[in-house]
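So this block is target.txt, compact mmCIF, C-alpha atoms:
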```txt
# COMPACT_ATOMS: atom_id res chain seq x y z
CA MET Y 1 9.01 -9.26 -23.60
CA VAL Y 2 11.54 -8.13 -26.24
CA ASN Y 3 9.92 -4.70 -26.38
CA ARG Y 4 10.12 -4.35 -22.60
CA VAL Y 5 13.81 -5.28 -22.50
CA LEU Y 6 14.69 -2.86 -25.29
CA HIS Y 7 12.61 -0.03 -23.86
CA SER Y 8 14.33 -0.37 -20.51
CA THR Y 9 17.86 -0.42 -21.93
CA VAL Y 10 17.98 1.70 -25.11
CA PRO Y 11 18.41 5.36 -24.01
CA ARG Y 12 16.19 6.90 -26.69
CA TRP Y 13 13.29 4.64 -25.65
CA ASN Y 14 13.84 4.64 -21.89
CA TYR Y 15 11.50 7.31 -20.55
CA ALA Y 16 12.28 6.29 -16.98
CA GLU Y 17 15.53 8.18 -17.58
CA ARG Y 18 14.32 10.98 -19.85
CA GLY Y 19 10.74 11.70 -18.76
CA THR Y 20 9.54 14.64 -16.66
CA ASP Y 21 10.17 14.69 -12.92
CA PHE Y 22 6.65 15.76 -11.96
CA LEU Y 23 7.35 16.51 -8.29
CA SER Y 24 10.10 18.99 -9.14
CA GLU Y 25 7.88 21.01 -11.50
CA ASP Y 26 6.38 24.38 -10.51
CA TRP Y 27 2.89 23.87 -9.03
CA ASP Y 28 0.87 24.37 -5.87
CA ASN Y 29 -1.63 21.60 -6.65
CA LEU Y 30 -0.98 18.63 -8.93
CA ILE Y 31 -4.06 16.66 -10.01
CA ILE Y 32 -3.40 13.20 -11.46
CA LEU Y 33 -6.05 11.62 -13.69
CA ASP Y 34 -4.97 8.00 -13.68
CA ALA Y 35 -4.29 6.50 -17.15
CA CYS Y 36 -5.41 9.64 -19.00
CA ARG Y 37 -3.83 10.06 -22.43
CA HIS Y 38 -2.97 13.52 -23.71
CA ASP Y 39 -5.11 13.08 -26.81
CA LEU Y 40 -8.08 12.02 -24.68
CA LEU Y 41 -8.03 15.17 -22.57
CA ALA Y 42 -7.29 17.34 -25.63
CA ALA Y 43 -10.42 16.01 -27.34
CA ASN Y 44 -12.54 16.56 -24.23
CA GLY Y 45 -11.17 19.93 -23.22
CA SER Y 46 -13.60 21.40 -20.72
CA LEU Y 47 -11.07 22.41 -18.08
CA PRO Y 48 -9.69 25.94 -17.75
CA GLY Y 49 -6.02 26.51 -18.41
CA ASP Y 50 -3.24 26.06 -20.93
CA LEU Y 51 -3.00 22.46 -22.16
CA GLN Y 52 0.55 21.32 -22.83
CA LYS Y 53 2.14 17.90 -23.11
CA ARG Y 54 4.71 16.14 -20.96
CA GLU Y 55 6.45 12.78 -21.22
CA SER Y 56 5.90 10.58 -18.20
CA LYS Y 57 8.69 8.45 -16.79
CA ALA Y 58 6.30 5.52 -16.52
CA ALA Y 59 3.74 3.33 -18.26
CA SER Y 60 2.09 2.18 -15.02
CA THR Y 61 1.21 3.67 -11.64
CA VAL Y 62 3.75 1.55 -9.79
CA ASP Y 63 6.55 2.72 -12.06
CA PHE Y 64 5.29 6.30 -11.77
CA LEU Y 65 5.51 6.10 -7.99
CA LYS Y 66 8.93 4.50 -8.10
CA THR Y 67 10.44 6.95 -10.61
CA ASN Y 68 8.87 10.11 -9.18
CA LEU Y 69 8.52 9.45 -5.44
CA ASP Y 70 11.08 6.87 -4.33
CA GLY Y 71 13.72 8.50 -2.16
CA GLY Y 72 11.77 11.76 -1.92
CA ARG Y 73 11.18 13.79 1.22
CA PHE Y 74 8.18 15.91 0.31
CA HIS Y 75 7.53 17.48 3.69
CA ASP Y 76 5.80 20.40 1.99
CA THR Y 77 3.24 18.15 0.24
CA VAL Y 78 0.05 16.29 1.20
CA TYR Y 79 -0.81 13.27 -0.97
CA VAL Y 80 -4.57 12.68 -1.36
CA THR Y 81 -4.82 9.39 -3.22
CA ALA Y 82 -7.59 7.08 -4.40
CA ASN Y 83 -4.99 4.65 -5.80
CA GLY Y 84 -3.83 2.06 -3.28
CA GLN Y 85 -0.51 1.27 -4.92
CA ILE Y 86 1.27 3.55 -2.45
CA PHE Y 87 0.09 1.10 0.22
CA ASN Y 88 0.67 -2.04 -1.83
CA PHE Y 89 4.32 -1.10 -2.48
CA ARG Y 90 4.99 0.61 0.86
CA ASP Y 91 8.02 -1.64 1.46
CA GLU Y 92 9.58 -0.79 -1.92
CA ILE Y 93 8.89 2.94 -2.24
CA ASP Y 94 10.83 5.02 0.27
CA VAL Y 95 8.95 8.30 0.39
CA GLU Y 96 7.83 10.80 3.01
CA PHE Y 97 5.01 13.31 2.65
CA HIS Y 98 3.78 15.74 5.27
CA GLU Y 99 0.66 13.59 5.25
CA ILE Y 100 -1.03 10.92 3.12
CA VAL Y 101 -4.83 10.82 2.88
CA PRO Y 102 -5.64 7.20 1.88
CA LEU Y 103 -8.95 7.45 0.04
CA TYR Y 104 -8.56 3.88 -1.30
CA ALA Y 105 -9.18 2.75 2.29
CA GLU Y 106 -11.68 5.39 3.39
CA GLU Y 107 -13.86 6.21 0.36
CA TRP Y 108 -14.18 2.94 -1.58
CA ASP Y 109 -17.50 2.48 -3.41
CA ASP Y 110 -18.36 -1.22 -3.59
CA GLU Y 111 -21.03 -0.78 -6.25
CA SER Y 112 -18.74 0.81 -8.82
CA GLY Y 113 -15.57 -0.97 -7.66
CA THR Y 114 -13.52 2.20 -7.30
CA VAL Y 115 -13.25 5.53 -5.48
CA ARG Y 116 -15.67 7.83 -7.24
CA PRO Y 117 -14.45 11.22 -8.49
CA GLU Y 118 -16.94 13.24 -6.45
CA ASP Y 119 -15.51 11.72 -3.28
CA VAL Y 120 -11.96 12.57 -4.32
CA THR Y 121 -13.05 16.17 -4.95
CA ARG Y 122 -14.78 16.43 -1.58
CA ARG Y 123 -11.79 15.08 0.34
CA ALA Y 124 -9.31 17.19 -1.65
CA LYS Y 125 -11.28 20.31 -0.73
CA GLU Y 126 -11.10 19.28 2.91
CA ALA Y 127 -7.34 18.79 2.61
CA SER Y 128 -6.98 22.22 1.04
CA GLU Y 129 -8.73 23.76 4.04
CA ARG Y 130 -6.68 21.75 6.55
CA PHE Y 131 -3.35 22.38 4.85
CA PRO Y 132 -3.48 25.85 3.23
CA ASP Y 133 0.32 26.14 3.31
CA LYS Y 134 1.08 22.77 1.68
CA ARG Y 135 1.31 21.59 -1.90
CA LEU Y 136 -1.44 19.10 -2.74
CA LEU Y 137 -0.88 15.98 -4.85
CA ILE Y 138 -4.36 14.68 -5.69
CA HIS Y 139 -4.70 11.29 -7.38
CA TYR Y 140 -8.04 10.38 -8.99
CA VAL Y 141 -8.54 6.81 -10.26
CA GLN Y 142 -10.48 7.84 -13.37
CA PRO Y 143 -10.43 7.42 -16.36
CA HIS Y 144 -8.63 4.18 -15.40
CA MET Y 145 -10.95 1.22 -15.41
CA PRO Y 146 -13.36 0.15 -14.02
CA PHE Y 147 -15.23 2.37 -16.45
CA ILE Y 148 -18.12 4.11 -14.75
CA GLY Y 149 -19.36 6.72 -17.18
CA SER Y 150 -21.16 5.13 -20.12
CA GLU Y 151 -23.68 2.71 -18.52
CA THR Y 152 -22.83 0.15 -21.19
CA GLU Y 153 -21.60 -3.42 -21.01
CA ALA Y 154 -18.05 -2.09 -20.67
CA ASP Y 155 -19.00 -0.39 -17.41
CA LYS Y 156 -20.00 -3.72 -15.90
CA ARG Y 157 -16.54 -5.25 -16.34
CA ARG Y 158 -14.20 -5.51 -13.40
CA GLU Y 159 -10.62 -6.65 -13.36
CA SER Y 160 -11.48 -9.22 -10.69
CA ASP Y 161 -14.28 -10.78 -12.74
CA GLY Y 162 -11.91 -13.29 -14.34
CA GLU Y 163 -8.88 -15.36 -13.51
CA ASP Y 164 -6.58 -13.18 -15.61
CA PRO Y 165 -6.30 -9.38 -15.60
CA PHE Y 166 -8.84 -7.64 -17.83
CA TRP Y 167 -6.38 -6.18 -20.35
CA LEU Y 168 -4.61 -9.52 -20.68
CA ARG Y 169 -7.98 -11.08 -21.52
CA VAL Y 170 -8.50 -8.36 -24.13
CA PHE Y 171 -5.03 -9.07 -25.52
CA CYS Y 172 -5.89 -12.76 -25.80
CA GLY Y 173 -9.23 -12.10 -27.52
CA GLU Y 174 -11.28 -13.32 -24.55
CA VAL Y 175 -13.32 -10.12 -24.08
CA ASP Y 176 -16.32 -9.55 -26.33
CA LEU Y 177 -15.89 -5.77 -26.55
CA SER Y 178 -14.51 -3.97 -29.59
CA PRO Y 179 -11.75 -1.35 -29.40
CA ASP Y 180 -14.36 1.31 -30.19
CA GLU Y 181 -16.58 0.15 -27.33
CA LEU Y 182 -13.66 0.16 -24.91
CA TRP Y 183 -12.52 3.61 -26.03
CA ALA Y 184 -16.06 4.98 -25.72
CA ALA Y 185 -16.28 3.72 -22.12
CA TYR Y 186 -12.85 5.18 -21.35
CA GLU Y 187 -13.88 8.54 -22.81
CA ALA Y 188 -17.23 8.52 -21.01
CA THR Y 189 -15.48 7.87 -17.71
CA LEU Y 190 -13.32 10.94 -18.24
CA GLU Y 191 -16.37 13.02 -19.19
CA LEU Y 192 -18.08 11.94 -15.96
CA THR Y 193 -14.98 12.92 -13.99
CA LEU Y 194 -14.15 16.32 -15.49
CA PRO Y 195 -16.99 18.30 -13.85
CA HIS Y 196 -15.70 17.18 -10.45
CA VAL Y 197 -12.14 18.12 -11.41
CA ARG Y 198 -13.34 21.51 -12.65
CA GLU Y 199 -15.20 22.04 -9.35
CA LEU Y 200 -12.02 21.26 -7.43
CA MET Y 201 -9.90 23.53 -9.62
CA SER Y 202 -12.25 26.45 -8.93
CA ASP Y 203 -11.73 25.88 -5.20
CA LEU Y 204 -7.94 25.51 -5.15
CA PRO Y 205 -5.77 28.61 -4.83
CA GLY Y 206 -2.52 29.15 -6.69
CA ARG Y 207 -1.16 27.20 -9.64
CA THR Y 208 -2.98 23.94 -10.37
CA VAL Y 209 -1.66 21.43 -12.90
CA VAL Y 210 -3.77 18.55 -14.26
CA THR Y 211 -1.76 15.63 -15.58
CA SER Y 212 -1.60 11.82 -15.60
CA ASP Y 213 0.77 9.15 -14.35
CA HIS Y 214 0.60 7.29 -17.69
CA GLY Y 215 -1.69 6.63 -20.65
CA ASN Y 216 -3.49 3.56 -21.97
CA MET Y 217 -3.29 1.52 -25.17
CA PHE Y 218 -6.27 0.32 -27.18
CA GLY Y 219 -4.68 -2.07 -29.67
CA GLU Y 220 -2.05 0.29 -31.08
CA ARG Y 221 1.18 -1.38 -32.10
CA ALA Y 222 4.26 -1.16 -29.92
CA HIS Y 223 7.82 -1.07 -31.23
CA PRO Y 224 10.20 -2.40 -32.37
CA ILE Y 225 8.20 -5.66 -32.37
CA PRO Y 226 4.86 -4.41 -33.79
CA ILE Y 227 2.48 -6.33 -31.55
CA ARG Y 228 -0.81 -4.78 -30.48
CA GLU Y 229 -0.86 -3.74 -26.83
CA TRP Y 230 -3.77 -3.12 -24.48
CA GLY Y 231 -3.97 -1.35 -21.15
CA HIS Y 232 -0.74 -0.01 -19.73
CA PRO Y 233 1.92 -2.73 -19.55
CA SER Y 234 4.85 -1.77 -17.35
CA GLY Y 235 8.10 -1.10 -19.17
CA VAL Y 236 6.61 -0.35 -22.60
CA TYR Y 237 7.18 3.26 -23.63
CA THR Y 238 4.96 4.27 -26.54
CA PRO Y 239 3.37 7.66 -27.25
CA GLU Y 240 0.01 6.30 -26.11
CA LEU Y 241 1.54 5.44 -22.74
CA VAL Y 242 4.01 8.24 -21.99
CA GLU Y 243 2.47 11.32 -23.63
CA VAL Y 244 0.33 12.80 -20.88
CA PRO Y 245 -1.50 16.10 -20.47
CA TRP Y 246 0.02 19.00 -18.56
CA LEU Y 247 -2.73 21.57 -18.13
CA VAL Y 248 -1.65 24.67 -16.18
CA HIS Y 249 -4.22 26.91 -14.51
CA ASP Y 250 -3.34 29.93 -12.35
CA ASP Y 251 -6.00 31.17 -9.95
CA GLY Y 252 -4.95 34.17 -7.88
CA SER Y 253 -1.78 34.53 -5.89
CA ARG Y 254 0.50 31.60 -5.26
CA LYS Y 255 0.43 29.65 -2.03
CA ARG Y 256 2.96 30.37 0.67
CA ILE Y 257 4.37 26.85 1.04
CA VAL Y 258 5.81 25.77 4.39
CA THR Y 259 7.90 22.63 4.95
CA GLU Y 260 7.14 20.81 8.18
CA PRO Y 261 7.97 17.34 9.55
CA PRO Y 262 5.66 14.51 8.49
CA ARG Y 263 2.60 13.89 10.60
CA ASP Y 264 2.05 10.40 12.00
CA THR Y 265 0.17 9.18 8.95
CA GLU Y 266 -1.06 5.62 9.30
CA LEU Y 267 -1.61 3.69 6.09
CA LYS Y 268 -3.39 1.02 8.07
CA SER Y 269 -5.77 -1.14 6.12
CA ASP Y 270 -6.44 -4.82 5.74
CA PRO Y 271 -3.93 -5.95 3.07
CA ALA Y 272 -6.44 -8.50 1.75
CA VAL Y 273 -9.04 -5.75 1.30
CA VAL Y 274 -6.54 -3.49 -0.46
CA GLU Y 275 -5.48 -6.37 -2.71
CA GLU Y 276 -9.10 -7.05 -3.66
CA ARG Y 277 -9.65 -3.38 -4.46
CA LEU Y 278 -6.47 -3.22 -6.52
CA GLU Y 279 -7.69 -6.23 -8.48
CA ASP Y 280 -10.82 -4.26 -9.35
CA LEU Y 281 -8.53 -1.56 -10.72
CA GLY Y 282 -6.40 -4.02 -12.65
CA TYR Y 283 -3.43 -4.58 -10.40
CA ARG Y 284 -2.37 -8.12 -9.60
```
Have the structure of the file written as structure tokens, please.
Amino acid sequence: MVNRVLHSTVPRWNYAERGTDFLSEDWDNLIILDACRHDLLAANGSLPGDLQKRESKAASTVDFLKTNLDGGRFHDTVYVTANGQIFNFRDEIDVEFHEIVPLYAEEWDDESGTVRPEDVTRRAKEASERFPDKRLLIHYVQPHMPFIGSETEADKRRESDGEDPFWLRVFCGEVDLSPDELWAAYEATLELTLPHVRELMSDLPGRTVVTSDHGNMFGERAHPIPIREWGHPSGVYTPELVEVPWLVHDDGSRKRIVTEPPRDTELKSDPAVVEERLEDLGYR
């Protein structure tokens, strides 16, 4: 709690004030790999482009949406998202896109407890064909848990398996998985995802950037109180949480972007279903 208060008030630690405004950066397509650390993508570099680093404004998806989207009128952008937080916080985040494609409602895979990366790629390609004159903001869930790439015990864990959130149970020593096992599952999930991202990048025209909304901690110590943190607690700004990849890939001529009024996008879904799915992803 002390760390969160200090990080939100001390200017040199408050990345909500000093981080990158992702939506104002120069891109035609922005691909978000949820909870992907810069060092993770750097060590598994199979994507084309120039890998740089940016500092996110947020340590969680909700804070990312609030600090990057709230108050925005992105009538030149289509948001293709597998993360349901845009629905869950629809009354708190005032944002307009030309259209939102809610994959969390339309492409959910019950067996793996998430939206699989191949389905995000397929729907993003469809959006690119439907909206050739719009920027695309494409939000994959992976490598955020549930981990789906290693076929180990870590892959079988779901946030909703227990009474408390998964990373809180790890913090309290209630999960019988070592940091190395958790990291391996996290890394394997990214490795499973990258071929689908690479496929999408080869299909998208213009400038494509691959980044993340935030990172993830695996027992590293926070500051100034040096407690070990797990997951991505909101309001804690550490390098593991705010240093995210910024991979820039140019493919041919840039898009001719046109701003048009929002379409009548319905985010209709059963709130109870969305809540259950968000629990699988770790959001309570």
(request) Select, from Y:His75, Y:His144, Y:His196, Y:His139, the residue with the minimum atom-to-atom distance to Thr259 (chain Y), counting all atoms listed in the file. (result)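 For Thr259 (chain Y), the nearest of the given residues is Y:His75.
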For region 133-144 of chain Y, I'd like the enclosing box, axis-aligned and padded by 6 Å on every side, reported as lines of an AutoDock Vina configuration file with centre and edge lengths in Å to one decimal.
```
center_x = -4.6
center_y = 15.2
center_z = -6.5
size_x = 23.8
size_y = 34.0
size_z = 31.7
```
(request) Give the answer as one residue: which of Y:Gly219, Y:Ala82, Y:Glu126, Y:Pro205 has the shortest atom-to-atom distance to Cys172 (chain Y), using all atoms listed in the file? (result) Y:Gly219
(request) Fewer than 3 positions away in the same chain doesn't count, so skip those; otherwise give me all residues within 10 Å of Phe64 (chain Y), counting all atoms listed in the file, as a list in words. (result) Ala16, Asp21, Phe22, Ser56, Lys57, Ala58, Ala59, Ser60, Thr61, Thr67, Asn68, Leu69, Asp70, Ser212, Asp213, His214 and Ser234 of chain Y
(request) Kindly give the distance, in Å, that separates CA of Ile148 (chain Y) and CA of Asp119 (chain Y), rounded to a single decimal. (result)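 For CA of Ile148 (chain Y) relative to CA of Asp119 (chain Y), the distance reads 14.0 Å.
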Region 75-158 of chain Y near region 174-191 of chain Y within 6 Å: what's each residue's closest atom pair and its distance in Å to one decimal, counting all atoms listed in the file, ordered by chain then ascending residue number, as a tab-separated table?
```
residue	atom	partner	partner_atom	distance
Y:Pro143	CA	Y:Leu190	CA	4.9
Y:Phe147	CA	Y:Thr189	CA	5.6
Y:Ile148	CA	Y:Thr189	CA	5.5
Y:Gly149	CA	Y:Thr189	CA	4.1
Y:Ser150	CA	Y:Ala188	CA	5.3
```
(request) Using only C-alpha atoms, determine which residues lie at most 12 Å from Pro117 (chain Y), disregarding the query and same-chain residues fewer than 3 positions distant; provide the list as a VMD selection string. (result) chain Y and resid 31 to 34 81 to 83 103 to 104 107 to 109 112 114 120 to 124 138 to 144 147 to 149 189 to 200
Suppose we keep C-alpha atoms; can you now write the selection as a PDB file, in the frame of the given file?
```pdb
ATOM      1  CA  ILE Y  31      -4.060  16.660 -10.010  1.00  0.00           C
ATOM      2  CA  ILE Y  32      -3.400  13.200 -11.460  1.00  0.00           C
ATOM      3  CA  LEU Y  33      -6.050  11.620 -13.690  1.00  0.00           C
ATOM      4  CA  ASP Y  34      -4.970   8.000 -13.680  1.00  0.00           C
ATOM      5  CA  THR Y  81      -4.820   9.390  -3.220  1.00  0.00           C
ATOM      6  CA  ALA Y  82      -7.590   7.080  -4.400  1.00  0.00           C
ATOM      7  CA  ASN Y  83      -4.990   4.650  -5.800  1.00  0.00           C
ATOM      8  CA  LEU Y 103      -8.950   7.450   0.040  1.00  0.00           C
ATOM      9  CA  TYR Y 104      -8.560   3.880  -1.300  1.00  0.00           C
ATOM     10  CA  GLU Y 107     -13.860   6.210   0.360  1.00  0.00           C
ATOM     11  CA  TRP Y 108     -14.180   2.940  -1.580  1.00  0.00           C
ATOM     12  CA  ASP Y 109     -17.500   2.480  -3.410  1.00  0.00           C
ATOM     13  CA  SER Y 112     -18.740   0.810  -8.820  1.00  0.00           C
ATOM     14  CA  THR Y 114     -13.520   2.200  -7.300  1.00  0.00           C
ATOM     15  CA  VAL Y 120     -11.960  12.570  -4.320  1.00  0.00           C
ATOM     16  CA  THR Y 121     -13.050  16.170  -4.950  1.00  0.00           C
ATOM     17  CA  ARG Y 122     -14.780  16.430  -1.580  1.00  0.00           C
ATOM     18  CA  ARG Y 123     -11.790  15.080   0.340  1.00  0.00           C
ATOM     19  CA  ALA Y 124      -9.310  17.190  -1.650  1.00  0.00           C
ATOM     20  CA  ILE Y 138      -4.360  14.680  -5.690  1.00  0.00           C
ATOM     21  CA  HIS Y 139      -4.700  11.290  -7.380  1.00  0.00           C
ATOM     22  CA  TYR Y 140      -8.040  10.380  -8.990  1.00  0.00           C
ATOM     23  CA  VAL Y 141      -8.540   6.810 -10.260  1.00  0.00           C
ATOM     24  CA  GLN Y 142     -10.480   7.840 -13.370  1.00  0.00           C
ATOM     25  CA  PRO Y 143     -10.430   7.420 -16.360  1.00  0.00           C
ATOM     26  CA  HIS Y 144      -8.630   4.180 -15.400  1.00  0.00           C
ATOM     27  CA  PHE Y 147     -15.230   2.370 -16.450  1.00  0.00           C
ATOM     28  CA  ILE Y 148     -18.120   4.110 -14.750  1.00  0.00           C
ATOM     29  CA  GLY Y 149     -19.360   6.720 -17.180  1.00  0.00           C
ATOM     30  CA  THR Y 189     -15.480   7.870 -17.710  1.00  0.00           C
ATOM     31  CA  LEU Y 190     -13.320  10.940 -18.240  1.00  0.00           C
ATOM     32  CA  GLU Y 191     -16.370  13.020 -19.190  1.00  0.00           C
ATOM     33  CA  LEU Y 192     -18.080  11.940 -15.960  1.00  0.00           C
ATOM     34  CA  THR Y 193     -14.980  12.920 -13.990  1.00  0.00           C
ATOM     35  CA  LEU Y 194     -14.150  16.320 -15.490  1.00  0.00           C
ATOM     36  CA  PRO Y 195     -16.990  18.300 -13.850  1.00  0.00           C
ATOM     37  CA  HIS Y 196     -15.700  17.180 -10.450  1.00  0.00           C
ATOM     38  CA  VAL Y 197     -12.140  18.120 -11.410  1.00  0.00           C
ATOM     39  CA  ARG Y 198     -13.340  21.510 -12.650  1.00  0.00           C
ATOM     40  CA  GLU Y 199     -15.200  22.040  -9.350  1.00  0.00           C
ATOM     41  CA  LEU Y 200     -12.020  21.260  -7.430  1.00  0.00           C
TER      42      LEU Y 200
END
```
